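Enquirer: Below is the file input-v8.csv, with CSV, C-alpha atoms.
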```
chain,number,residue,atom,x,y,z
P,35,MET,CA,131.0,112.6,95.9
P,36,ASN,CA,127.6,111.9,97.5
P,37,SER,CA,128.0,108.4,99.0
P,38,PHE,CA,124.3,107.8,99.1
P,39,GLU,CA,123.8,108.5,95.5
P,40,HIS,CA,127.0,106.8,94.4
P,41,LEU,CA,126.7,103.6,96.5
P,42,GLU,CA,123.1,103.1,97.5
P,43,SER,CA,120.6,101.4,95.2
P,44,ASN,CA,118.0,103.3,93.2
P,45,VAL,CA,115.3,101.6,95.2
P,46,ARG,CA,115.9,104.0,98.1
P,47,TYR,CA,112.6,105.9,98.7
P,48,TYR,CA,112.1,107.9,101.9
P,49,CYS,CA,115.4,109.7,101.7
P,50,ARG,CA,114.1,111.2,98.4
P,51,ARG,CA,111.0,112.5,100.1
P,52,TRP,CA,113.0,113.9,103.1
P,53,PRO,CA,116.5,114.8,101.8
P,54,ALA,CA,118.3,115.3,105.2
P,55,VAL,CA,121.0,113.3,107.0
P,56,PHE,CA,119.3,112.5,110.3
P,57,THR,CA,121.6,112.0,113.3
P,58,HIS,CA,119.6,111.6,116.5
P,59,SER,CA,116.1,111.5,118.0
P,60,SER,CA,114.1,111.7,121.2
P,61,GLY,CA,110.4,111.3,121.8
P,62,THR,CA,108.5,112.9,119.0
P,63,SER,CA,111.4,114.7,117.3
P,64,ILE,CA,114.4,113.9,115.1
P,65,TRP,CA,117.4,116.1,114.2
P,66,ASP,CA,119.5,116.3,111.1
P,67,GLU,CA,123.3,116.8,111.0
P,68,ASP,CA,122.8,120.6,110.7
P,69,GLY,CA,121.0,120.6,114.1
P,70,ARG,CA,117.5,121.2,112.6
P,71,GLU,CA,114.6,119.6,114.6
P,72,TYR,CA,111.6,117.9,112.9
P,73,ILE,CA,108.4,116.9,114.5
P,74,ASP,CA,107.8,113.3,113.5
P,75,PHE,CA,104.3,112.4,112.2
P,76,PHE,CA,105.7,109.3,110.5
P,77,ALA,CA,107.1,107.3,113.5
P,78,GLY,CA,109.1,104.9,111.5
P,79,ALA,CA,106.1,103.9,109.3
P,80,GLY,CA,104.3,103.1,112.6
P,81,ALA,CA,107.2,101.2,114.1
P,82,LEU,CA,107.9,103.9,116.7
P,83,SER,CA,104.5,104.3,118.2
P,84,TYR,CA,106.1,104.8,121.7
P,85,GLY,CA,108.5,107.5,120.4
P,86,HIS,CA,112.1,107.6,119.5
P,87,ASN,CA,114.5,106.3,122.2
P,88,ASN,CA,111.8,106.0,124.8
P,89,PRO,CA,113.9,106.1,128.0
P,90,VAL,CA,111.9,103.3,129.6
P,91,PHE,CA,113.1,100.9,126.9
P,92,VAL,CA,116.5,102.5,126.3
P,93,GLU,CA,117.7,102.0,129.9
P,94,LEU,CA,116.5,98.4,129.9
P,95,ALA,CA,118.2,97.8,126.6
P,96,VAL,CA,121.5,99.3,127.8
P,97,GLU,CA,121.4,97.1,130.9
P,98,HIS,CA,120.7,94.1,128.8
P,99,LEU,CA,123.6,94.8,126.5
P,100,ARG,CA,126.1,95.4,129.3
P,101,SER,CA,125.0,92.4,131.3
P,102,GLY,CA,126.1,89.8,128.7
P,103,LYS,CA,122.6,88.4,128.4
P,104,LEU,CA,121.6,86.6,125.1
P,105,LEU,CA,120.7,88.8,122.1
P,106,HIS,CA,120.2,86.1,119.5
P,107,SER,CA,118.4,83.0,120.8
P,108,LEU,CA,116.5,81.4,117.9
P,109,ASP,CA,113.5,79.7,119.6
P,110,THR,CA,115.5,78.5,122.7
P,111,PHE,CA,114.2,79.1,126.2
P,112,THR,CA,115.4,82.3,127.9
P,113,PRO,CA,114.1,84.2,131.0
P,114,GLU,CA,113.3,87.2,128.7
P,115,LYS,CA,111.1,85.0,126.5
P,116,ARG,CA,109.3,83.5,129.4
P,117,ARG,CA,108.5,86.9,130.9
P,118,PHE,CA,107.4,88.1,127.4
P,119,LEU,CA,105.0,85.2,127.0
P,120,ASP,CA,103.6,85.5,130.5
P,121,THR,CA,103.0,89.2,130.0
P,122,ILE,CA,101.3,88.8,126.6
P,123,ASN,CA,99.0,86.2,128.2
P,124,ASP,CA,98.2,88.4,131.3
P,125,VAL,CA,97.9,91.8,129.5
P,126,LEU,CA,96.6,90.9,126.1
P,127,LEU,CA,95.1,87.4,125.8
P,128,GLU,CA,93.2,86.7,129.0
P,129,PRO,CA,91.5,90.1,129.3
P,130,ARG,CA,90.3,89.7,125.7
P,131,HIS,CA,89.3,86.0,126.1
P,132,LEU,CA,91.7,85.0,123.3
P,133,ASP,CA,92.7,81.4,123.6
P,134,MET,CA,95.8,81.8,121.4
P,135,VAL,CA,99.5,80.8,121.3
P,136,VAL,CA,102.4,83.0,120.3
P,137,GLN,CA,104.4,82.1,117.2
P,138,THR,CA,107.6,84.1,116.8
P,139,VAL,CA,108.3,84.3,113.1
P,140,GLY,CA,111.2,86.6,112.5
P,141,PRO,CA,112.0,90.3,112.1
P,142,THR,CA,109.3,91.5,109.7
P,143,GLY,CA,105.6,91.8,109.3
P,144,ALA,CA,105.8,90.2,105.9
P,145,THR,CA,107.2,87.1,107.5
P,146,ALA,CA,104.2,87.0,109.8
P,147,VAL,CA,101.9,87.2,106.8
P,148,GLU,CA,103.8,84.4,105.0
P,149,ALA,CA,103.5,82.2,108.1
P,150,ALA,CA,99.8,82.9,108.4
P,151,LEU,CA,99.2,82.0,104.8
P,152,GLN,CA,101.2,78.8,105.0
P,153,LEU,CA,99.2,77.7,108.1
P,154,ALA,CA,95.9,78.5,106.4
P,155,GLN,CA,96.9,76.4,103.4
P,156,ARG,CA,98.2,73.6,105.6
P,157,LEU,CA,94.9,73.5,107.7
P,158,THR,CA,92.4,73.8,104.8
P,159,GLY,CA,94.3,72.3,101.9
P,160,ARG,CA,93.3,75.3,99.9
P,161,ARG,CA,95.6,78.0,98.5
P,162,GLY,CA,93.2,80.7,97.4
P,163,VAL,CA,93.2,83.9,99.4
P,164,ILE,CA,90.7,86.8,99.6
P,165,GLY,CA,92.0,90.2,100.4
P,166,PHE,CA,90.7,93.7,99.8
P,167,THR,CA,91.4,96.8,97.6
P,168,GLY,CA,93.9,99.0,99.3
P,169,GLY,CA,95.4,96.1,101.3
P,170,TYR,CA,99.1,96.0,102.0
P,171,HIS,CA,100.7,93.0,103.6
P,172,GLY,CA,104.5,93.2,102.9
P,173,MET,CA,107.2,92.9,100.2
P,174,SER,CA,108.1,89.2,100.3
P,175,TYR,CA,106.8,87.4,97.3
P,176,ARG,CA,103.6,85.8,98.6
P,177,ALA,CA,102.8,88.8,100.8
P,178,ALA,CA,103.2,91.1,97.9
P,179,SER,CA,101.0,88.9,95.7
P,180,ILE,CA,98.0,89.5,98.1
P,181,SER,CA,98.7,93.2,98.5
P,182,HIS,CA,96.2,95.0,96.2
P,183,SER,CA,97.8,98.3,96.9
P,184,MET,CA,100.9,97.1,95.1
P,185,SER,CA,99.1,95.8,92.0
P,186,GLY,CA,100.2,98.7,89.8
P,187,ARG,CA,103.9,98.2,90.6
P,188,GLU,CA,106.1,96.4,88.1
P,189,THR,CA,107.8,94.6,90.9
P,190,SER,CA,104.6,93.2,92.5
P,191,ALA,CA,104.0,89.5,92.4
P,192,HIS,CA,101.2,88.2,90.2
P,193,LEU,CA,99.7,84.9,91.3
P,194,GLY,CA,96.4,83.4,90.2
P,195,ASP,CA,95.2,82.4,93.7
P,196,PHE,CA,94.2,85.8,95.0
P,197,VAL,CA,91.2,88.1,94.6
P,198,ALA,CA,90.7,91.6,96.1
P,199,LEU,CA,87.1,92.4,97.2
P,200,PRO,CA,86.2,96.1,97.5
P,201,TYR,CA,87.0,97.9,100.8
P,202,VAL,CA,83.8,98.3,102.8
P,203,GLU,CA,83.2,101.6,104.6
P,204,HIS,CA,79.5,101.0,105.0
P,205,LEU,CA,78.0,97.5,104.9
P,206,SER,CA,75.5,96.7,102.2
P,207,GLU,CA,73.7,93.5,101.1
P,208,ASP,CA,75.8,93.6,97.9
P,209,ASP,CA,79.0,93.4,100.0
P,210,LEU,CA,77.8,90.2,101.7
P,211,GLU,CA,76.6,88.6,98.6
P,212,LEU,CA,79.9,89.2,96.8
P,213,LEU,CA,81.8,87.7,99.8
P,214,GLU,CA,79.5,84.7,99.8
P,215,THR,CA,79.6,84.1,96.1
P,216,THR,CA,83.4,84.5,96.0
P,217,LEU,CA,83.9,81.9,98.7
P,218,VAL,CA,81.6,79.5,96.9
P,219,ALA,CA,83.2,80.0,93.4
P,220,GLY,CA,86.8,80.2,94.5
P,221,ILE,CA,89.5,81.8,92.2
P,222,ALA,CA,89.9,80.3,88.8
P,223,GLY,CA,89.0,76.9,90.2
P,224,GLU,CA,91.2,77.3,93.3
P,225,PRO,CA,89.2,77.1,96.5
P,226,ILE,CA,89.5,79.7,99.2
P,227,GLY,CA,91.5,78.9,102.4
P,228,ALA,CA,91.9,82.3,104.0
P,229,ILE,CA,90.6,85.8,104.2
P,230,ILE,CA,93.2,88.4,105.2
P,231,VAL,CA,92.1,91.9,106.2
P,232,GLU,CA,93.6,95.0,107.8
P,233,PRO,CA,90.7,96.0,110.1
P,234,THR,CA,92.0,99.5,109.6
P,235,GLN,CA,94.0,99.9,106.5
P,236,GLY,CA,97.3,101.8,106.7
P,237,GLU,CA,99.0,102.1,103.3
P,238,GLY,CA,95.5,101.8,101.8
P,239,GLY,CA,94.7,105.3,103.1
P,240,ALA,CA,93.9,105.2,106.9
P,241,ARG,CA,90.6,103.4,106.2
P,242,PRO,CA,88.8,101.5,108.9
P,243,PHE,CA,86.3,98.8,107.8
P,244,ASP,CA,82.7,98.9,108.9
P,245,PRO,CA,82.7,96.8,112.1
P,246,ALA,CA,79.4,95.3,110.9
P,247,TYR,CA,81.2,93.9,107.8
P,248,LEU,CA,84.0,92.5,109.9
P,249,ARG,CA,81.4,90.7,112.1
P,250,ALA,CA,79.6,89.3,109.0
P,251,LEU,CA,82.9,88.3,107.5
P,252,ARG,CA,83.6,86.2,110.5
P,253,GLU,CA,80.3,84.4,110.3
P,254,VAL,CA,80.6,83.7,106.6
P,255,ALA,CA,84.1,82.5,106.9
P,256,THR,CA,83.1,80.1,109.7
P,257,ARG,CA,80.4,78.6,107.6
P,258,HIS,CA,82.8,77.9,104.8
P,259,GLY,CA,85.7,76.6,106.9
P,260,VAL,CA,87.9,79.5,105.9
P,261,LEU,CA,90.6,81.0,108.2
P,262,VAL,CA,90.4,84.7,109.1
P,263,ILE,CA,93.7,86.5,109.3
P,264,ALA,CA,93.8,90.0,110.9
P,265,ASP,CA,96.8,92.0,109.7
P,266,GLU,CA,97.5,94.3,112.7
P,267,ILE,CA,101.0,95.1,111.7
P,268,GLN,CA,100.5,98.9,111.3
P,269,ALA,CA,97.2,99.5,113.0
P,270,GLY,CA,97.8,97.3,116.0
P,271,VAL,CA,99.7,97.8,119.2
P,272,GLY,CA,97.6,100.7,120.2
P,273,ARG,CA,97.8,102.8,117.0
P,274,THR,CA,94.0,103.3,116.7
P,275,GLY,CA,93.3,103.4,120.4
P,276,PRO,CA,92.7,99.8,121.6
P,277,PHE,CA,95.6,97.4,121.3
P,278,PHE,CA,94.1,95.7,118.3
P,279,SER,CA,92.1,97.7,115.7
P,280,PHE,CA,89.5,95.0,115.3
P,281,GLU,CA,88.4,95.1,119.0
P,282,GLY,CA,84.7,95.5,119.4
P,283,SER,CA,84.0,94.5,115.8
P,284,GLY,CA,83.3,90.8,116.3
P,285,LEU,CA,86.0,89.8,113.8
P,286,ASP,CA,87.4,87.2,116.2
P,287,PRO,CA,90.4,86.3,113.9
P,288,ASP,CA,92.0,82.9,113.8
P,289,VAL,CA,95.5,84.4,113.3
P,290,ILE,CA,96.6,87.9,114.3
P,291,CYS,CA,99.8,89.2,112.6
P,292,VAL,CA,101.7,91.7,114.7
P,293,SER,CA,105.0,93.6,114.1
P,294,LYS,CA,106.2,97.2,113.8
P,295,SER,CA,105.7,98.7,117.3
P,296,ILE,CA,105.5,95.4,119.2
P,297,SER,CA,109.1,95.8,120.5
P,298,GLY,CA,108.4,99.3,121.8
P,299,LEU,CA,111.9,100.5,120.8
P,300,GLY,CA,111.6,99.9,117.0
P,301,LEU,CA,113.6,96.7,117.1
P,302,PRO,CA,112.9,94.1,114.3
P,303,MET,CA,110.3,91.8,115.7
P,304,ALA,CA,107.2,90.0,114.4
P,305,LEU,CA,104.9,87.4,115.7
P,306,ASN,CA,101.6,85.7,115.1
P,307,LEU,CA,98.9,85.0,117.6
P,308,VAL,CA,97.3,81.7,116.6
P,309,ARG,CA,94.1,80.2,117.8
P,310,ARG,CA,95.2,77.3,120.1
P,311,SER,CA,93.0,74.7,118.3
P,312,LEU,CA,94.6,75.6,115.0
P,313,ASP,CA,98.2,75.4,116.2
P,314,THR,CA,99.0,72.2,114.3
P,315,TRP,CA,102.5,73.1,113.2
P,316,ARG,CA,105.1,70.3,113.3
P,317,PRO,CA,108.3,71.2,115.2
P,318,GLY,CA,110.5,73.2,112.9
P,319,GLU,CA,108.0,73.3,110.1
P,320,PHE,CA,108.2,77.1,110.0
P,321,THR,CA,111.6,78.4,111.1
P,322,GLY,CA,113.9,81.4,110.8
P,323,THR,CA,117.3,82.5,112.1
P,324,PHE,CA,116.0,85.7,113.7
P,325,ARG,CA,112.9,84.5,115.5
P,326,GLY,CA,114.6,85.0,118.9
P,327,ASN,CA,115.4,88.7,119.3
P,328,ASN,CA,115.9,88.4,123.0
P,329,LEU,CA,116.5,92.2,123.4
P,330,ALA,CA,113.2,92.8,121.7
P,331,PHE,CA,111.5,90.3,124.1
P,332,ALA,CA,112.7,92.4,127.0
P,333,THR,CA,111.7,95.8,125.6
P,334,SER,CA,108.3,94.5,124.4
P,335,THR,CA,107.6,93.2,127.9
P,336,ALA,CA,108.4,96.6,129.3
P,337,MET,CA,106.1,98.3,126.7
P,338,LEU,CA,103.2,96.0,127.7
P,339,GLU,CA,103.8,96.5,131.4
P,340,THR,CA,104.2,100.3,131.1
P,341,TYR,CA,101.4,101.2,128.8
P,342,TRP,CA,98.8,98.3,128.8
P,343,ARG,CA,98.2,97.4,132.4
P,344,ASP,CA,95.5,100.1,132.4
P,345,GLU,CA,93.5,102.1,129.9
P,346,VAL,CA,95.3,105.4,130.2
P,347,LEU,CA,97.2,105.2,126.9
P,348,GLU,CA,94.1,103.9,125.0
P,349,LYS,CA,92.0,106.8,126.2
P,350,SER,CA,94.7,109.3,125.5
P,351,THR,CA,95.1,108.0,121.9
P,352,ALA,CA,91.4,108.3,121.4
P,353,GLU,CA,91.4,111.9,122.6
P,354,LYS,CA,94.4,112.8,120.5
P,355,GLY,CA,92.7,111.2,117.5
P,356,ILE,CA,89.7,113.5,118.0
P,357,VAL,CA,92.0,116.5,118.0
P,358,VAL,CA,93.7,115.3,114.7
P,359,ARG,CA,90.4,114.5,113.0
P,360,HIS,CA,89.0,118.0,114.0
P,361,ALA,CA,92.1,119.7,112.6
P,362,LEU,CA,92.0,117.7,109.3
P,363,SER,CA,88.2,118.4,109.0
P,364,GLU,CA,88.9,122.1,109.2
P,365,LEU,CA,91.5,121.8,106.5
P,366,ALA,CA,89.1,119.8,104.3
P,367,GLU,CA,86.4,122.4,104.8
P,368,GLN,CA,88.7,125.3,104.1
P,369,PHE,CA,90.6,124.0,101.1
P,370,GLY,CA,88.7,121.0,99.8
P,371,ALA,CA,85.7,122.6,98.2
P,372,GLY,CA,83.6,119.5,99.3
P,373,GLN,CA,86.1,117.1,97.6
P,374,TYR,CA,88.5,116.4,100.4
P,375,SER,CA,87.7,113.7,103.0
P,376,VAL,CA,89.0,112.7,106.4
P,377,ARG,CA,89.4,109.1,107.5
P,378,GLY,CA,90.9,106.9,110.2
P,379,ASN,CA,90.7,106.7,114.0
P,380,GLY,CA,93.0,107.1,116.9
P,381,LEU,CA,96.4,108.2,115.7
P,382,LEU,CA,96.1,106.6,112.3
P,383,CYS,CA,94.4,109.3,110.3
P,384,GLY,CA,94.5,110.8,106.9
P,385,LEU,CA,93.4,113.7,104.8
P,386,ASP,CA,92.5,112.7,101.2
P,387,VAL,CA,93.3,115.7,98.9
P,388,VAL,CA,92.3,113.7,95.8
P,389,ASP,CA,95.3,114.8,93.8
P,390,THR,CA,98.7,113.0,93.9
P,391,ALA,CA,100.8,116.0,93.1
P,392,ARG,CA,99.0,118.1,95.7
P,393,ALA,CA,99.5,115.4,98.4
P,394,ALA,CA,103.2,115.3,97.5
P,395,ALA,CA,103.4,119.1,97.6
P,396,ILE,CA,101.9,119.0,101.1
P,397,SER,CA,104.4,116.4,102.3
P,398,ASN,CA,107.3,118.4,100.8
P,399,GLY,CA,106.0,121.6,102.3
P,400,ALA,CA,105.6,120.0,105.7
P,401,PHE,CA,109.2,118.9,105.5
P,402,GLU,CA,110.3,122.4,104.7
P,403,ARG,CA,108.5,123.6,107.8
P,404,GLY,CA,110.1,120.9,110.1
P,405,LEU,CA,107.4,118.2,110.0
P,406,ILE,CA,107.8,114.6,108.7
P,407,VAL,CA,104.6,113.3,107.2
P,408,GLU,CA,104.0,110.7,104.4
P,409,CYS,CA,101.4,110.0,101.7
P,410,CYS,CA,99.4,106.8,101.2
P,411,GLY,CA,96.2,105.5,99.7
P,412,PRO,CA,95.3,105.0,96.0
P,413,GLY,CA,97.6,107.2,94.0
P,414,ASP,CA,99.2,108.5,97.2
P,415,THR,CA,96.5,111.1,97.5
P,416,VAL,CA,96.2,110.8,101.3
P,417,VAL,CA,98.4,112.7,103.7
P,418,LYS,CA,98.7,110.3,106.6
P,419,ILE,CA,99.2,111.1,110.3
P,420,LEU,CA,101.2,108.5,112.3
P,421,ALA,CA,102.3,110.6,115.3
P,422,PRO,CA,103.8,108.7,118.2
P,423,LEU,CA,101.1,107.7,120.7
P,424,VAL,CA,103.1,109.4,123.5
P,425,ILE,CA,103.1,112.8,121.8
P,426,ASP,CA,102.2,115.7,124.1
P,427,GLU,CA,99.4,118.1,123.4
P,428,ALA,CA,101.6,121.1,122.6
P,429,THR,CA,103.7,119.2,120.1
P,430,LEU,CA,100.7,117.6,118.5
P,431,ASN,CA,99.1,121.0,118.0
P,432,GLU,CA,102.4,122.5,116.7
P,433,GLY,CA,102.7,119.7,114.2
P,434,LEU,CA,99.1,120.2,113.0
P,435,SER,CA,99.8,123.9,112.7
P,436,ARG,CA,102.8,123.2,110.4
P,437,LEU,CA,100.7,120.8,108.4
P,438,ALA,CA,98.0,123.5,108.0
P,439,ASP,CA,100.6,125.9,106.7
P,440,ALA,CA,101.8,123.2,104.2
P,441,VAL,CA,98.3,122.6,103.0
P,442,ALA,CA,97.7,126.3,102.5
P,443,ALA,CA,100.9,126.7,100.6
P,444,ALA,CA,100.0,123.8,98.3
P,445,HIS,CA,96.9,125.7,97.2
```
How would this structure read if it were set down as structure tokens?
Expert:
Amino acid sequence: MNSFEHLESNVRYYCRRWPAVFTHSSGTSIWDEDGREYIDFFAGAGALSYGHNNPVFVELAVEHLRSGKLLHSLDTFTPEKRRFLDTINDVLLEPRHLDMVVQTVGPTGATAVEAALQLAQRLTGRRGVIGFTGGYHGMSYRAASISHSMSGRETSAHLGDFVALPYVEHLSEDDLELLETTLVAGIAGEPIGAIIVEPTQGEGGARPFDPAYLRALREVATRHGVLVIADEIQAGVGRTGPFFSFEGSGLDPDVICVSKSISGLGLPMALNLVRRSLDTWRPGEFTGTFRGNNLAFATSTAMLETYWRDEVLEKSTAEKGIVVRHALSELAEQFGAGQYSVRGNGLLCGLDVVDTARAAAISNGAFERGLIVECCGPGDTVVKILAPLVIDEATLNEGLSRLADAVAAAH
């Protein structure tokens, strides 16, 4: 009897796409119980940007576990939390002139989104939220209700206080007018308190917003007293090159939601960076049992110290992104007949093959060739590249070669 089919819920998903029993991993590869190796262009849905079992973090974690140090600490003070906070300030906040405080919210990005929405409503007294087509912000009830990419699912929440504006690739006057009129009109009489945006959409299809639109969004939101929430859960922590995908755009968010790769090791961890002047929470007003993952504090600090004290990783990710986009552009030209498109930046890139069945065939064909790659975007038509940031050039090129073979086979 197959224990997975007999005992696990029908809701299981990724195991249906990649039907193998995986046993161990290292760097950019994972192995199944038959000993077959797969190059990983999925990276735990972006939670493993620094690779599987990165030895820098593993050794630290083993030492932490053996030493008897705290693992679960709620929001009590620990040496690991102190060092984590100091490092965030030194490495992320001060160099970017971000006067923000750190709110640990729990283990998931959805929890970070929930906290950001609650804070926005608390500060403005308004419940309405503006998001964008293709946006994805999590599976908890309120987070799902503002995730336009889930609007076709029977399980998605349907609340009357959310509106999705069109994703903006190239700014136009119509985009600004729609944003302005929506903020003035509200949603079914409910005034707007927050705008939430993924500066580079992940599940929406590896789509970066026009930086000019993000800058204008900030200006309009400020005029209307509306909070700007940047969802950096998938695109952040270096995925697009800079630590935050909004950098250089002028978005200047009031709240930044961070999760996925923030622990470095793939441990459950989420936090919000909140503009200091807006940190009006009362003690215990937003709480949670698993806010204090002390092991994740330690590995996150190591990740920041190792990879973000200089610009080496950022430049490397940008260079690898160019390689990926070039490879995808060649595939689009060879097989797309002018219909395929390439999008994304850094190591969050995608090839839109227009057709859902063809995208699935490419993903399946890649798996048969020893490559893990997923689909995303409207109708799951985009083959998305989320290779670990630490991938070496030879492995990256081998993975792209296997992807090219899968694309050819799907045609």
Enquirer: Considering only C-alpha atoms, can you say which of P:Met134, P:Ile267, P:Ala332, P:Met184 comes closest to P:Lys115?
Expert: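 Ranking P:Met134, P:Ile267, P:Ala332, P:Met184 by distance to P:Lys115, first place goes to P:Ala332.
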Enquirer: Between P:Ala438, P:Leu199, P:Val424, P:Leu381, which one has atoms that come closest to P:Ile230, using all atoms listed in the file?
Expert: P:Leu199
Enquirer: Check the smallest atom-to-atom distance from each of P:Ser59, P:Asn327, P:Asn379, P:Ser397 to P:Lys103 using only C-alpha atoms, then report the winner.
Expert: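 Smallest separation from P:Lys103 among the options: P:Asn327.
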Enquirer: Within 8 Å of P:Leu434, counting all atoms listed in the file, which residues qualify if same-chain residues fewer than 4 places away don't, as a PyMOL selection string?
Expert: chain P and resi 358+361+430+438
Enquirer: As a list in words, please: the residues near P:Leu382 (cut-off 10 Å, all atoms listed in the file, same-chain neighbours under 2 positions excluded).
Expert: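 Answer for this query is Gly80, Thr234, Gln235, Gly236, Gly239, Ala240, Arg241, Pro242, Gln268, Ala269, Gly272, Arg273, Thr274, Gly275, Thr351, Gly355, Val358, Arg359, Arg377, Gly378, Asn379, Gly380, Gly384, Lys418, Ile419, Leu420, Ala421, Pro422 and Leu423 of chain P.
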Enquirer: Create the file for the chosen residues now, containing C-alpha atoms and written as a PDB file, keeping the file's coordinate frame.
Expert:
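Now in out_25.pdb:
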```
ATOM      1  CA  GLY P  80     104.300 103.100 112.600  1.00  0.00           C
ATOM      2  CA  THR P 234      92.000  99.500 109.600  1.00  0.00           C
ATOM      3  CA  GLN P 235      94.000  99.900 106.500  1.00  0.00           C
ATOM      4  CA  GLY P 236      97.300 101.800 106.700  1.00  0.00           C
ATOM      5  CA  GLY P 239      94.700 105.300 103.100  1.00  0.00           C
ATOM      6  CA  ALA P 240      93.900 105.200 106.900  1.00  0.00           C
ATOM      7  CA  ARG P 241      90.600 103.400 106.200  1.00  0.00           C
ATOM      8  CA  PRO P 242      88.800 101.500 108.900  1.00  0.00           C
ATOM      9  CA  GLN P 268     100.500  98.900 111.300  1.00  0.00           C
ATOM     10  CA  ALA P 269      97.200  99.500 113.000  1.00  0.00           C
ATOM     11  CA  GLY P 272      97.600 100.700 120.200  1.00  0.00           C
ATOM     12  CA  ARG P 273      97.800 102.800 117.000  1.00  0.00           C
ATOM     13  CA  THR P 274      94.000 103.300 116.700  1.00  0.00           C
ATOM     14  CA  GLY P 275      93.300 103.400 120.400  1.00  0.00           C
ATOM     15  CA  THR P 351      95.100 108.000 121.900  1.00  0.00           C
ATOM     16  CA  GLY P 355      92.700 111.200 117.500  1.00  0.00           C
ATOM     17  CA  VAL P 358      93.700 115.300 114.700  1.00  0.00           C
ATOM     18  CA  ARG P 359      90.400 114.500 113.000  1.00  0.00           C
ATOM     19  CA  ARG P 377      89.400 109.100 107.500  1.00  0.00           C
ATOM     20  CA  GLY P 378      90.900 106.900 110.200  1.00  0.00           C
ATOM     21  CA  ASN P 379      90.700 106.700 114.000  1.00  0.00           C
ATOM     22  CA  GLY P 380      93.000 107.100 116.900  1.00  0.00           C
ATOM     23  CA  GLY P 384      94.500 110.800 106.900  1.00  0.00           C
ATOM     24  CA  LYS P 418      98.700 110.300 106.600  1.00  0.00           C
ATOM     25  CA  ILE P 419      99.200 111.100 110.300  1.00  0.00           C
ATOM     26  CA  LEU P 420     101.200 108.500 112.300  1.00  0.00           C
ATOM     27  CA  ALA P 421     102.300 110.600 115.300  1.00  0.00           C
ATOM     28  CA  PRO P 422     103.800 108.700 118.200  1.00  0.00           C
ATOM     29  CA  LEU P 423     101.100 107.700 120.700  1.00  0.00           C
TER      30      LEU P 423
END
```
Enquirer: What lies within 10 Å of P:Ala391 using only C-alpha atoms, ignoring chain neighbours under 5 positions off, as an MDAnalysis selection string?
Expert: chainID P and resid 396:397 413:415 444
Enquirer: Which neighbours of P:Ser311 fall inside 10 Å, counting all atoms listed in the file, when residues of the same chain fewer than 2 positions from it are skipped, and could you give them as a PyMOL selection string?
Expert: chain P and resi 133-135+288+308-309+313-314
Enquirer: Out of P:Ala178, P:Ser334, P:Glu266, P:Tyr48, which residue has the shortest atom-to-atom distance to P:Val407 when counting all atoms listed in the file?
Expert: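 That would be P:Tyr48, the residue with the smallest distance to P:Val407.
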Enquirer: Need to verify the contact set: P:Thr62, 7 Å, only C-alpha atoms, exclusion of same-chain residues closer than 5 positions in sequence. Can you return it as a PDB file with C-alpha atoms, in the frame of the given file?
Expert:
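For reference, selection-v8.pdb as written:
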```pdb
ATOM      1  CA  ILE P  73     108.400 116.900 114.500  1.00  0.00           C
ATOM      2  CA  ASP P  74     107.800 113.300 113.500  1.00  0.00           C
ATOM      3  CA  GLY P  85     108.500 107.500 120.400  1.00  0.00           C
ATOM      4  CA  HIS P  86     112.100 107.600 119.500  1.00  0.00           C
ATOM      5  CA  PRO P 422     103.800 108.700 118.200  1.00  0.00           C
ATOM      6  CA  ILE P 425     103.100 112.800 121.800  1.00  0.00           C
TER       7      ILE P 425
END
```
Enquirer: Quick check, in Å to one decimal: how far apart do atom CA of P:His204 and atom CA of P:Ser183 lie?
Expert: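 Going from atom CA of P:His204 over to atom CA of P:Ser183, I get 20.2 Å.
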Enquirer: Report the distance between atom CA of P:Tyr84 and atom CA of P:Asp426 in Å, rounded to one decimal place.
Expert: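 Pair atom CA of P:Tyr84 / atom CA of P:Asp426 returns 11.8 Å.
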Enquirer: Restricting the calculation to only C-alpha atoms, which member of P:Gly270, P:Gly168, P:Gly259, P:Gly372 is positioned closest to P:Cys410?
Expert: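 Residue with the minimum atom-to-atom distance to P:Cys410: P:Gly168.
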Enquirer: Quick one: pull the distance between atom CA of P:Val289 and atom CA of P:Pro302, Å, one decimal.
Expert: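 Going from atom CA of P:Val289 over to atom CA of P:Pro302, I get 19.9 Å.
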Enquirer: So, counting only C-alpha atoms, which residue among P:Glu214, P:Glu432, P:Asp344, P:Asp389 is closest to P:Pro276?
Expert: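 Selected residue with least distance to P:Pro276: P:Asp344.
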Enquirer: In the coordinate frame of the file, compute which residues have an atom within 10 Å of (78.0, 98.2, 113.5) when using all atoms listed in the file, and state them as an mmCIF file with C-alpha atoms, keeping the file's coordinate frame.
Expert:
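This went into part-v5.cif:
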```
data_model
loop_
_atom_site.group_PDB
_atom_site.id
_atom_site.type_symbol
_atom_site.label_atom_id
_atom_site.label_comp_id
_atom_site.auth_asym_id
_atom_site.auth_seq_id
_atom_site.Cartn_x
_atom_site.Cartn_y
_atom_site.Cartn_z
ATOM 1 C CA HIS P 204 79.500 101.000 105.000
ATOM 2 C CA LEU P 205 78.000 97.500 104.900
ATOM 3 C CA ASP P 244 82.700 98.900 108.900
ATOM 4 C CA PRO P 245 82.700 96.800 112.100
ATOM 5 C CA ALA P 246 79.400 95.300 110.900
ATOM 6 C CA TYR P 247 81.200 93.900 107.800
ATOM 7 C CA LEU P 248 84.000 92.500 109.900
ATOM 8 C CA ARG P 249 81.400 90.700 112.100
ATOM 9 C CA GLY P 282 84.700 95.500 119.400
ATOM 10 C CA SER P 283 84.000 94.500 115.800
ATOM 11 C CA GLY P 284 83.300 90.800 116.300
#
```
